[in-house]
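> This one is structure.cif, mmCIF, C-alpha atoms.
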data_structure
loop_
_atom_site.group_PDB
_atom_site.id
_atom_site.type_symbol
_atom_site.label_atom_id
_atom_site.label_comp_id
_atom_site.auth_asym_id
_atom_site.auth_seq_id
_atom_site.Cartn_x
_atom_site.Cartn_y
_atom_site.Cartn_z
ATOM 1 C CA MET A 1 0.000 0.000 0.000
ATOM 2 C CA ILE A 2 1.163 3.548 -0.794
ATOM 3 C CA LYS A 3 0.036 6.771 0.875
ATOM 4 C CA LYS A 4 1.157 10.300 0.092
ATOM 5 C CA LEU A 5 1.804 13.490 2.027
ATOM 6 C CA ILE A 6 2.216 16.912 0.398
ATOM 7 C CA LEU A 7 4.883 19.259 1.790
ATOM 8 C CA ARG A 8 4.041 22.830 0.793
ATOM 9 C CA ASP A 9 7.353 24.649 1.154
ATOM 10 C CA GLN A 10 11.012 24.419 2.160
ATOM 11 C CA ASP A 11 10.164 24.824 5.862
ATOM 12 C CA GLU A 12 7.900 21.758 5.805
ATOM 13 C CA ILE A 13 10.481 19.792 3.800
ATOM 14 C CA LEU A 14 13.167 20.517 6.420
ATOM 15 C CA LEU A 15 10.828 19.643 9.278
ATOM 16 C CA ALA A 16 9.782 16.330 7.702
ATOM 17 C CA LEU A 17 13.130 15.220 6.291
ATOM 18 C CA GLY A 18 15.543 16.757 8.773
ATOM 19 C CA PRO A 19 19.181 17.610 8.006
ATOM 20 C CA GLN A 20 20.506 15.256 5.285
ATOM 21 C CA ASP A 21 17.174 13.327 5.436
ATOM 22 C CA ARG A 22 18.090 11.916 8.865
ATOM 23 C CA LYS A 23 14.578 12.284 10.314
ATOM 24 C CA LEU A 24 13.079 10.547 7.292
ATOM 25 C CA ARG A 25 15.509 7.636 7.483
ATOM 26 C CA ALA A 26 14.799 7.285 11.224
ATOM 27 C CA LEU A 27 11.053 7.198 10.473
ATOM 28 C CA GLU A 28 11.572 4.432 7.902
ATOM 29 C CA LYS A 29 13.550 2.398 10.392
ATOM 30 C CA GLU A 30 11.099 2.905 13.268
ATOM 31 C CA PHE A 31 7.933 1.965 11.325
ATOM 32 C CA LYS A 32 9.579 -0.450 8.853
ATOM 33 C CA ILE A 33 8.319 1.397 5.773
ATOM 34 C CA ASP A 34 9.866 2.916 2.625
ATOM 35 C CA ILE A 35 9.589 6.638 1.859
ATOM 36 C CA ALA A 36 10.327 8.276 -1.508
ATOM 37 C CA VAL A 37 10.602 12.045 -2.007
ATOM 38 C CA GLN A 38 9.506 13.778 -5.214
ATOM 39 C CA TYR A 39 10.393 17.470 -5.260
ATOM 40 C CA ALA A 40 8.232 20.053 -7.051
ATOM 41 C CA GLU A 41 9.674 21.568 -10.230
ATOM 42 C CA ASP A 42 9.909 25.026 -8.635
ATOM 43 C CA GLY A 43 11.808 23.523 -5.673
ATOM 44 C CA GLN A 44 9.339 24.976 -3.163
ATOM 45 C CA GLY A 45 7.471 21.826 -2.182
ATOM 46 C CA ALA A 46 7.582 18.038 -2.342
ATOM 47 C CA VAL A 47 5.456 14.878 -2.172
ATOM 48 C CA LEU A 48 6.292 12.025 0.174
ATOM 49 C CA SER A 49 5.237 8.549 -0.978
ATOM 50 C CA LEU A 50 5.050 6.115 1.924
ATOM 51 C CA LYS A 51 4.986 2.390 1.185
ATOM 52 C CA GLY A 52 4.175 -0.309 3.721
ATOM 53 C CA THR A 53 1.353 -1.965 5.625
ATOM 54 C CA HIS A 54 -1.817 0.019 6.368
ATOM 55 C CA ALA A 55 -1.284 0.254 10.135
ATOM 56 C CA ARG A 56 2.356 1.287 9.886
ATOM 57 C CA LEU A 57 1.599 3.918 7.248
ATOM 58 C CA ASP A 58 -1.112 5.454 9.407
ATOM 59 C CA LYS A 59 1.253 5.742 12.376
ATOM 60 C CA ALA A 60 4.059 7.240 10.288
ATOM 61 C CA LEU A 61 1.689 9.753 8.641
ATOM 62 C CA ALA A 62 0.295 10.719 12.037
ATOM 63 C CA ARG A 63 3.826 11.390 13.278
ATOM 64 C CA LEU A 64 4.663 13.537 10.247
ATOM 65 C CA LYS A 65 1.416 15.519 10.415
ATOM 66 C CA LYS A 66 1.870 16.140 14.130
ATOM 67 C CA THR A 67 5.378 17.512 13.488
ATOM 68 C CA LEU A 68 4.052 19.934 10.865
ATOM 69 C CA GLU A 69 1.055 20.994 12.957
ATOM 70 C CA MET A 70 3.108 21.664 16.103
ATOM 71 C CA ALA A 71 5.642 23.719 14.140
ATOM 72 C CA ALA A 72 2.855 25.760 12.525
ATOM 73 C CA LYS A 73 1.453 26.681 15.952
ATOM 74 C CA ILE A 74 4.661 28.345 17.081
ATOM 75 C CA LYS A 75 5.744 29.866 13.749
ATOM 76 C CA PRO A 76 6.447 33.574 14.371
ATOM 77 C CA GLU A 77 3.989 36.072 12.880
ATOM 78 C CA ALA A 78 6.473 38.825 12.045
ATOM 79 C CA PRO A 79 4.077 41.325 10.421
ATOM 80 C CA VAL A 80 2.051 41.897 13.626
ATOM 81 C CA LEU A 81 5.052 42.204 15.932
ATOM 82 C CA ASP A 82 6.956 45.234 17.095
ATOM 83 C CA ARG A 83 10.218 44.873 15.189
ATOM 84 C CA THR A 84 12.233 46.613 17.909
ATOM 85 C CA PRO A 85 14.375 43.941 19.634
ATOM 86 C CA PHE A 86 14.641 45.802 22.933
ATOM 87 C CA LYS A 87 12.000 48.346 23.920
ATOM 88 C CA ASP A 88 10.779 49.686 27.276
ATOM 89 C CA ASN A 89 13.373 47.473 28.978
ATOM 90 C CA ILE A 90 11.404 44.347 27.941
ATOM 91 C CA ILE A 91 13.315 41.471 26.340
ATOM 92 C CA PHE A 92 10.601 38.837 25.948
ATOM 93 C CA ARG A 93 6.923 38.536 26.925
ATOM 94 C CA PRO A 94 5.911 34.998 27.970
ATOM 95 C CA GLU A 95 2.235 34.151 27.504
ATOM 96 C CA ASN A 96 1.537 33.216 31.122
ATOM 97 C CA ALA A 97 4.217 35.026 33.122
ATOM 98 C CA ARG A 98 5.453 38.533 33.755
ATOM 99 C CA PRO A 99 7.612 40.157 31.049
ATOM 100 C CA ILE A 100 11.332 39.464 31.189
ATOM 101 C CA GLU A 101 13.372 42.641 31.488
ATOM 102 C CA ALA A 102 16.864 43.856 32.311
ATOM 103 C CA ARG A 103 17.211 44.370 36.067
ATOM 104 C CA THR A 104 20.649 45.989 36.190
ATOM 105 C CA GLU A 105 22.604 48.375 33.973
ATOM 106 C CA ASN A 106 25.027 45.621 32.947
ATOM 107 C CA GLN A 107 22.126 43.369 31.945
ATOM 108 C CA LYS A 108 20.748 46.172 29.790
ATOM 109 C CA ASN A 109 24.158 46.633 28.137
ATOM 110 C CA TYR A 110 24.324 42.864 27.563
ATOM 111 C CA ILE A 111 20.994 42.776 25.720
ATOM 112 C CA GLU A 112 21.772 45.801 23.582
ATOM 113 C CA ALA A 113 25.135 44.257 22.632
ATOM 114 C CA VAL A 114 23.409 41.022 21.584
ATOM 115 C CA PHE A 115 21.253 42.778 18.997
ATOM 116 C CA ASP A 116 23.988 45.180 17.844
ATOM 117 C CA HIS A 117 26.643 42.499 17.206
ATOM 118 C CA ASP A 118 26.842 39.001 15.728
ATOM 119 C CA LEU A 119 29.019 37.624 18.549
ATOM 120 C CA LEU A 120 28.884 38.518 22.240
ATOM 121 C CA VAL A 121 31.362 37.183 24.805
ATOM 122 C CA SER A 122 30.039 37.519 28.351
ATOM 123 C CA VAL A 123 31.830 36.827 31.638
ATOM 124 C CA GLY A 124 30.390 37.057 35.139
ATOM 125 C CA PRO A 125 29.702 35.194 38.388
ATOM 126 C CA ALA A 126 26.839 32.824 39.115
ATOM 127 C CA GLY A 127 23.400 34.350 39.537
ATOM 128 C CA THR A 128 23.834 37.314 37.196
ATOM 129 C CA GLY A 129 21.337 35.968 34.663
ATOM 130 C CA LYS A 130 23.715 35.128 31.817
ATOM 131 C CA THR A 131 21.952 31.915 30.742
ATOM 132 C CA PHE A 132 18.447 33.261 31.295
ATOM 133 C CA LEU A 133 19.130 36.491 29.383
ATOM 134 C CA ALA A 134 20.713 34.622 26.482
ATOM 135 C CA CYS A 135 17.692 32.310 26.175
ATOM 136 C CA ALA A 136 15.292 35.283 26.367
ATOM 137 C CA CYS A 137 17.213 37.129 23.641
ATOM 138 C CA ALA A 138 17.167 34.004 21.472
ATOM 139 C CA LEU A 139 13.388 33.684 21.803
ATOM 140 C CA ARG A 140 12.945 37.362 20.953
ATOM 141 C CA ALA A 141 15.117 36.993 17.849
ATOM 142 C CA LEU A 142 13.089 33.930 16.808
ATOM 143 C CA GLU A 143 9.835 35.791 17.427
ATOM 144 C CA LEU A 144 10.995 38.692 15.244
ATOM 145 C CA GLY A 145 12.042 36.362 12.437
ATOM 146 C CA LEU A 146 15.689 37.379 12.747
ATOM 147 C CA VAL A 147 16.625 33.690 13.043
ATOM 148 C CA GLU A 148 14.899 30.412 12.206
ATOM 149 C CA ARG A 149 16.093 28.257 15.092
ATOM 150 C CA ILE A 150 17.827 28.292 18.456
ATOM 151 C CA ILE A 151 20.762 26.086 19.401
ATOM 152 C CA VAL A 152 22.089 25.988 22.964
ATOM 153 C CA THR A 153 25.140 23.962 23.928
ATOM 154 C CA ARG A 154 27.362 23.293 26.929
ATOM 155 C CA PRO A 155 30.670 21.458 27.306
ATOM 156 C CA ILE A 156 30.376 18.191 29.192
ATOM 157 C CA VAL A 157 33.529 18.343 31.298
ATOM 158 C CA GLU A 158 33.144 14.823 32.674
ATOM 159 C CA ALA A 159 32.659 13.234 29.248
ATOM 160 C CA GLY A 160 35.280 10.594 30.067
ATOM 161 C CA GLU A 161 35.257 7.980 32.806
ATOM 162 C CA LYS A 162 32.805 9.582 35.235
ATOM 163 C CA LEU A 163 30.097 10.045 32.618
ATOM 164 C CA GLY A 164 30.559 6.478 31.454
ATOM 165 C CA PHE A 165 29.511 5.123 34.845
ATOM 166 C CA LEU A 166 26.147 6.912 34.722
ATOM 167 C CA PRO A 167 23.140 4.749 33.727
ATOM 168 C CA GLY A 168 21.192 5.210 30.494
ATOM 169 C CA ASP A 169 21.922 6.245 26.907
ATOM 170 C CA ILE A 170 23.918 9.326 25.878
ATOM 171 C CA ASN A 171 20.886 11.629 26.231
ATOM 172 C CA GLU A 172 20.177 10.387 29.755
ATOM 173 C CA LYS A 173 23.847 10.754 30.684
ATOM 174 C CA THR A 174 24.167 14.341 29.457
ATOM 175 C CA ASP A 175 20.696 15.563 30.455
ATOM 176 C CA PRO A 176 21.695 16.640 34.009
ATOM 177 C CA TYR A 177 24.408 18.912 32.596
ATOM 178 C CA LEU A 178 21.897 20.631 30.307
ATOM 179 C CA ARG A 179 19.120 20.923 32.901
ATOM 180 C CA PRO A 180 19.660 24.659 33.686
ATOM 181 C CA ILE A 181 18.954 25.465 30.038
ATOM 182 C CA TYR A 182 15.767 23.399 30.063
ATOM 183 C CA ASP A 183 14.698 25.233 33.237
ATOM 184 C CA ALA A 184 15.199 28.635 31.594
ATOM 185 C CA PHE A 185 13.073 27.724 28.580
ATOM 186 C CA TYR A 186 10.396 26.059 30.730
ATOM 187 C CA ALA A 187 10.060 29.293 32.719
ATOM 188 C CA MET A 188 9.625 31.413 29.590
ATOM 189 C CA LEU A 189 7.623 29.095 27.334
ATOM 190 C CA GLY A 190 5.852 26.586 29.514
ATOM 191 C CA VAL A 191 6.339 22.852 28.987
ATOM 192 C CA GLU A 192 3.895 22.438 26.077
ATOM 193 C CA LYS A 193 5.307 25.221 23.893
ATOM 194 C CA PHE A 194 8.856 24.194 24.774
ATOM 195 C CA ARG A 195 8.161 20.649 23.578
ATOM 196 C CA ALA A 196 6.559 21.975 20.383
ATOM 197 C CA LEU A 197 9.670 23.993 19.562
ATOM 198 C CA LYS A 198 11.970 21.104 20.394
ATOM 199 C CA TYR A 199 9.855 18.532 18.547
ATOM 200 C CA GLY A 200 9.740 20.803 15.493
ATOM 201 C CA ASN A 201 13.543 20.972 15.422
ATOM 202 C CA ILE A 202 13.385 24.750 16.007
ATOM 203 C CA LEU A 203 14.996 24.529 19.441
ATOM 204 C CA GLU A 204 18.004 22.270 19.981
ATOM 205 C CA ILE A 205 19.855 21.701 23.262
ATOM 206 C CA ALA A 206 22.936 19.514 22.971
ATOM 207 C CA PRO A 207 26.456 18.886 24.323
ATOM 208 C CA LEU A 208 29.259 20.868 22.680
ATOM 209 C CA ALA A 209 30.726 17.747 21.041
ATOM 210 C CA TYR A 210 27.593 17.520 18.850
ATOM 211 C CA MET A 211 28.498 20.823 17.142
ATOM 212 C CA ARG A 212 31.532 19.438 15.309
ATOM 213 C CA GLY A 213 31.265 19.390 11.516
ATOM 214 C CA ARG A 214 28.131 21.522 11.340
ATOM 215 C CA THR A 215 27.426 24.885 9.673
ATOM 216 C CA LEU A 216 24.643 26.705 11.511
ATOM 217 C CA GLU A 217 22.831 29.246 9.350
ATOM 218 C CA LYS A 218 20.054 31.658 10.414
ATOM 219 C CA ALA A 219 20.445 30.378 13.966
ATOM 220 C CA PHE A 220 20.798 31.906 17.401
ATOM 221 C CA ILE A 221 23.606 29.886 18.985
ATOM 222 C CA ILE A 222 24.464 29.995 22.687
ATOM 223 C CA LEU A 223 27.539 28.451 24.302
ATOM 224 C CA ASP A 224 26.969 28.290 28.056
ATOM 225 C CA GLU A 225 29.561 27.446 30.738
ATOM 226 C CA ALA A 226 32.258 28.438 28.239
ATOM 227 C CA GLN A 227 34.915 28.538 30.969
ATOM 228 C CA ASN A 228 35.050 24.750 30.680
ATOM 229 C CA THR A 229 36.031 24.706 27.008
ATOM 230 C CA LEU A 230 39.544 24.104 25.736
ATOM 231 C CA PRO A 231 41.005 26.380 23.021
ATOM 232 C CA ALA A 232 40.441 23.800 20.262
ATOM 233 C CA GLN A 233 36.809 23.356 21.338
ATOM 234 C CA MET A 234 36.220 27.113 21.385
ATOM 235 C CA LYS A 235 37.677 27.513 17.889
ATOM 236 C CA MET A 236 35.517 24.634 16.670
ATOM 237 C CA PHE A 237 32.403 26.253 18.157
ATOM 238 C CA LEU A 238 33.036 29.783 16.859
ATOM 239 C CA THR A 239 33.646 28.526 13.333
ATOM 240 C CA ARG A 240 30.213 26.847 13.227
ATOM 241 C CA MET A 241 28.610 30.262 12.591
ATOM 242 C CA GLY A 242 26.825 30.437 9.251
ATOM 243 C CA VAL A 243 25.147 33.229 7.311
ATOM 244 C CA GLY A 244 22.471 35.130 9.251
ATOM 245 C CA SER A 245 23.458 33.693 12.643
ATOM 246 C CA LYS A 246 24.163 35.218 16.045
ATOM 247 C CA MET A 247 26.297 33.770 18.840
ATOM 248 C CA ILE A 248 26.587 34.280 22.583
ATOM 249 C CA VAL A 249 29.455 32.855 24.627
ATOM 250 C CA ASN A 250 28.706 32.866 28.384
ATOM 251 C CA GLY A 251 31.062 31.875 31.179
ATOM 252 C CA ASP A 252 32.193 32.296 34.769
ATOM 253 C CA LEU A 253 35.965 32.360 35.304
ATOM 254 C CA THR A 254 35.521 31.574 39.008
ATOM 255 C CA GLN A 255 33.980 28.176 38.182
ATOM 256 C CA ILE A 256 36.504 26.542 35.854
ATOM 257 C CA ASP A 257 36.184 22.756 36.258
ATOM 258 C CA LEU A 258 39.008 21.792 33.906
ATOM 259 C CA PRO A 259 41.910 19.852 35.486
ATOM 260 C CA GLN A 260 44.259 22.675 34.395
ATOM 261 C CA LYS A 261 42.380 25.931 34.911
ATOM 262 C CA ASN A 262 44.861 27.981 32.889
ATOM 263 C CA LEU A 263 43.827 26.048 29.750
ATOM 264 C CA SER A 264 40.315 27.542 29.749
ATOM 265 C CA ALA A 265 39.598 29.044 26.318
ATOM 266 C CA LEU A 266 37.558 31.785 27.945
ATOM 267 C CA LEU A 267 40.705 33.194 29.550
ATOM 268 C CA GLN A 268 42.360 33.853 26.194
ATOM 269 C CA LEU A 269 39.291 34.688 24.093
ATOM 270 C CA PRO A 270 39.212 38.453 24.854
ATOM 271 C CA LYS A 271 42.861 38.722 23.778
ATOM 272 C CA ILE A 272 42.294 36.751 20.566
ATOM 273 C CA LEU A 273 39.133 38.575 19.493
ATOM 274 C CA LYS A 274 40.132 42.061 20.655
ATOM 275 C CA GLY A 275 39.440 44.540 17.867
ATOM 276 C CA VAL A 276 37.592 42.033 15.659
ATOM 277 C CA SER A 277 34.640 43.714 13.950
ATOM 278 C CA GLY A 278 31.226 42.339 14.910
ATOM 279 C CA VAL A 279 32.384 41.068 18.321
ATOM 280 C CA ALA A 280 31.285 42.623 21.635
ATOM 281 C CA PHE A 281 32.248 41.899 25.244
ATOM 282 C CA ALA A 282 30.062 42.159 28.344
ATOM 283 C CA GLY A 283 30.918 41.774 32.001
ATOM 284 C CA PHE A 284 28.953 41.210 35.209
ATOM 285 C CA GLY A 285 29.880 41.636 38.857
ATOM 286 C CA PRO A 286 28.380 40.712 42.246
ATOM 287 C CA GLU A 287 26.150 43.802 42.010
ATOM 288 C CA ASP A 288 24.326 42.130 39.075
ATOM 289 C CA VAL A 289 23.290 39.023 41.027
ATOM 290 C CA VAL A 290 19.523 38.568 40.684
ATOM 291 C CA ARG A 291 19.105 35.470 42.850
ATOM 292 C CA HIS A 292 18.574 35.421 46.607
ATOM 293 C CA PRO A 293 20.164 38.517 48.256
ATOM 294 C CA LEU A 294 22.431 36.192 50.247
ATOM 295 C CA VAL A 295 24.182 35.123 47.025
ATOM 296 C CA LYS A 296 25.809 38.572 46.736
ATOM 297 C CA ASN A 297 27.167 38.264 50.263
ATOM 298 C CA ILE A 298 28.485 34.775 49.546
ATOM 299 C CA LEU A 299 30.293 35.997 46.436
ATOM 300 C CA HIS A 300 31.842 38.896 48.358
ATOM 301 C CA ALA A 301 32.971 36.482 51.078
ATOM 302 C CA TYR A 302 34.652 34.223 48.513
ATOM 303 C CA GLU A 303 36.373 37.207 46.880
ATOM 304 C CA LYS A 304 37.849 38.249 50.223
ATOM 305 C CA TRP A 305 38.911 34.677 50.940
ATOM 306 C CA ASP A 306 40.596 34.309 47.525
ATOM 307 C CA LYS A 307 42.502 37.586 47.962
ATOM 308 C CA LYS A 308 43.671 36.537 51.400
ATOM 309 C CA ALA A 309 44.773 33.135 50.062
ATOM 310 C CA SER A 310 46.677 34.788 47.175
ATOM 311 C CA LYS A 311 48.561 37.052 49.582
ATOM 312 C CA ALA A 312 49.427 34.085 51.793
ATOM 313 C CA GLU A 313 50.876 32.186 48.799
ATOM 314 C CA LYS A 314 53.089 35.135 47.900
#
What is this structure when it is put down as structure tokens?


Amino acid sequence: MIKKLILRDQDEILLALGPQDRKLRALEKEFKIDIAVQYAEDGQGAVLSLKGTHARLDKALARLKKTLEMAAKIKPEAPVLDRTPFKDNIIFRPENARPIEARTENQKNYIEAVFDHDLLVSVGPAGTGKTFLACACALRALELGLVERIIVTRPIVEAGEKLGFLPGDINEKTDPYLRPIYDAFYAMLGVEKFRALKYGNILEIAPLAYMRGRTLEKAFIILDEAQNTLPAQMKMFLTRMGVGSKMIVNGDLTQIDLPQKNLSALLQLPKILKGVSGVAFAGFGPEDVVRHPLVKNILHAYEKWDKKASKAEK
């Protein structure tokens, strides 16, 4: 038996087939069917011909239609939106939560730098909102139609022996390291809309190693916890940028988890990229902490302790 599905444009083709037809091949394998693609003469659409048993075809078609329907629900409606990226201090307006806005002067500078430059390198202590702001800016850029997808990545420092002892497949092993990013998007989108974006391949959250060999066009790309990247990893990440993309590199130099802290790529990045057109730098301090008020006091206490320890070593 053969059943057909019409894909109306390039967006639907990408959603159904995936990069290099990987999603289509996975669908064939999962439902034990064959799928042929016939592209329209103008290159704008295509017809999928699915061959297999009746029950398997119905399940595969249901999966494909659900993917297209969920993506259509969250497709940005650019003509009715205010095209200003940053207005009245508001970065992003969630449907069921208060608007997300800059709460300190450095946060405001951070957001303005994001939309004025293609690459922003940001350094600051925990609690200053680096991850949350980056995710909010990415959603705003997607909403405005400035980009077509969001990709967020983190280095998995313990990708050797320690990670190997954890139970589960690679996704289950790396999931705890990526959890703060999931939390940020849950807070801004809600679980249902987050899943729709992720299921539609519009939002991708993955370990840094998954970026190798890719060219990311029309994407908003965020590297979080960048202090735990090595120079070769940082170079690999930065050179993934394709046409129409933006990048944010976030990190905290007080939380380097590498065995040799002096090898952190984030330490040398400002020196390497100094004076490069299109690159901006942003910094945060304890005064920008937006978590519990006690966090500021804890950071100050650690600063004093570190200075005292440095003097003692000398």

> With the PyMOL selection byres ((chain A and resi 199) around 10) as the selection, what would be picked from this file? Answer as an mmCIF file with C-alpha atoms, in the frame of the given file, please.


data_model
loop_
_atom_site.group_PDB
_atom_site.id
_atom_site.type_symbol
_atom_site.label_atom_id
_atom_site.label_comp_id
_atom_site.auth_asym_id
_atom_site.auth_seq_id
_atom_site.Cartn_x
_atom_site.Cartn_y
_atom_site.Cartn_z
ATOM 1 C CA LEU A 15 10.828 19.643 9.278
ATOM 2 C CA LYS A 66 1.870 16.140 14.130
ATOM 3 C CA THR A 67 5.378 17.512 13.488
ATOM 4 C CA LEU A 68 4.052 19.934 10.865
ATOM 5 C CA MET A 70 3.108 21.664 16.103
ATOM 6 C CA ALA A 71 5.642 23.719 14.140
ATOM 7 C CA LYS A 193 5.307 25.221 23.893
ATOM 8 C CA PHE A 194 8.856 24.194 24.774
ATOM 9 C CA ARG A 195 8.161 20.649 23.578
ATOM 10 C CA ALA A 196 6.559 21.975 20.383
ATOM 11 C CA LEU A 197 9.670 23.993 19.562
ATOM 12 C CA LYS A 198 11.970 21.104 20.394
ATOM 13 C CA GLY A 200 9.740 20.803 15.493
ATOM 14 C CA ASN A 201 13.543 20.972 15.422
ATOM 15 C CA ILE A 202 13.385 24.750 16.007
ATOM 16 C CA LEU A 203 14.996 24.529 19.441
ATOM 17 C CA GLU A 204 18.004 22.270 19.981
#

> From the set A:Leu269, A:Ile221, A:Leu64, A:Ala126, which residue has the shortest atom-to-atom contact distance to Ile298 in chain A, counting only C-alpha atoms?

A:Ala126

> What is the distance, in Å and to one decimal place, between CA of Asp288 in chain A and CA of Arg93 in chain A?

21.5 Å

> List the residues matched by the PyMOL selection byres ((chain A and resi 219) around 9) in the displayed structure as a list in words, ordered by chain and then by residue number.

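That selection, the PyMOL selection byres ((chain A and resi 219) around 9), comes back as Ala138, Leu142, Leu146, Val147, Glu148, Arg149, Ile150, Ile151, Leu216, Glu217, Lys218, Phe220, Ile221, Met241, Gly242, Val243, Gly244, Ser245, Lys246 and Met247 of chain A.
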
> Quick one: of A:Gln233, A:Thr215, A:Asn109, A:Ser122, who's nearest to Arg154 in chain A, counting all atoms listed in the file?

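Between A:Gln233, A:Thr215, A:Asn109, A:Ser122, the residue approaching Arg154 in chain A most closely is A:Gln233.
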
> Which is closer to Val290 in chain A than all the others in A:Arg25, A:Gly124, A:Arg56, A:Gly129, using only C-alpha atoms?

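Among A:Arg25, A:Gly124, A:Arg56, A:Gly129, it is A:Gly129 that comes nearest to Val290 in chain A.
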
> Neighbours of Ile6 in chain A within 8 Å (all atoms listed in the file; same-chain residues fewer than 5 positions away dropped), as a list in words?

Gly45, Ala46, Val47 and Leu48 of chain A

> Selection from above, C-alpha atoms, as a compact mmCIF listing (two decimals), in the coordinates of the input, can you write it?


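Saved file again26.txt follows:
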# COMPACT_ATOMS: atom_id res chain seq x y z
CA GLY A 45 7.47 21.83 -2.18
CA ALA A 46 7.58 18.04 -2.34
CA VAL A 47 5.46 14.88 -2.17
CA LEU A 48 6.29 12.02 0.17

> Please write as a ChimeraX atom specification the full residue list that the PyMOL selection byres ((chain A and resi 226) around 8) yields on this file.

/A:154-155,223-225,227-229,249-252,265-266

> Taking into account only C-alpha atoms, which residue in the set A:Ser277, A:Ser49, A:Ala55, A:Thr153 is nearest to Ile181 in chain A?

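Among the listed residues, A:Thr153 lies closest to Ile181 in chain A.
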
> Just want the 10 Å neighbourhood of Ala113 in chain A, counted on all atoms listed in the file, with same-chain residues fewer than 4 positions away dropped. Output as a count of residues only.

12

> Using all atoms listed in the file, which of A:Glu95, A:Glu143, A:Glu12, A:Glu101 sits nearest Gly190 in chain A?

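Ranked by minimum distance to Gly190 in chain A, first place goes to A:Glu95.
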
> What box, with edges along x, y and z, holds each listed atom of range 188-200 of chain A when 3 Å is added on every side, and can you state its centre and edge lengths in Å to one decimal, as lines of an AutoDock Vina configuration file?


center_x = 7.9
center_y = 25.0
center_z = 22.5
size_x = 14.1
size_y = 18.9
size_z = 20.1
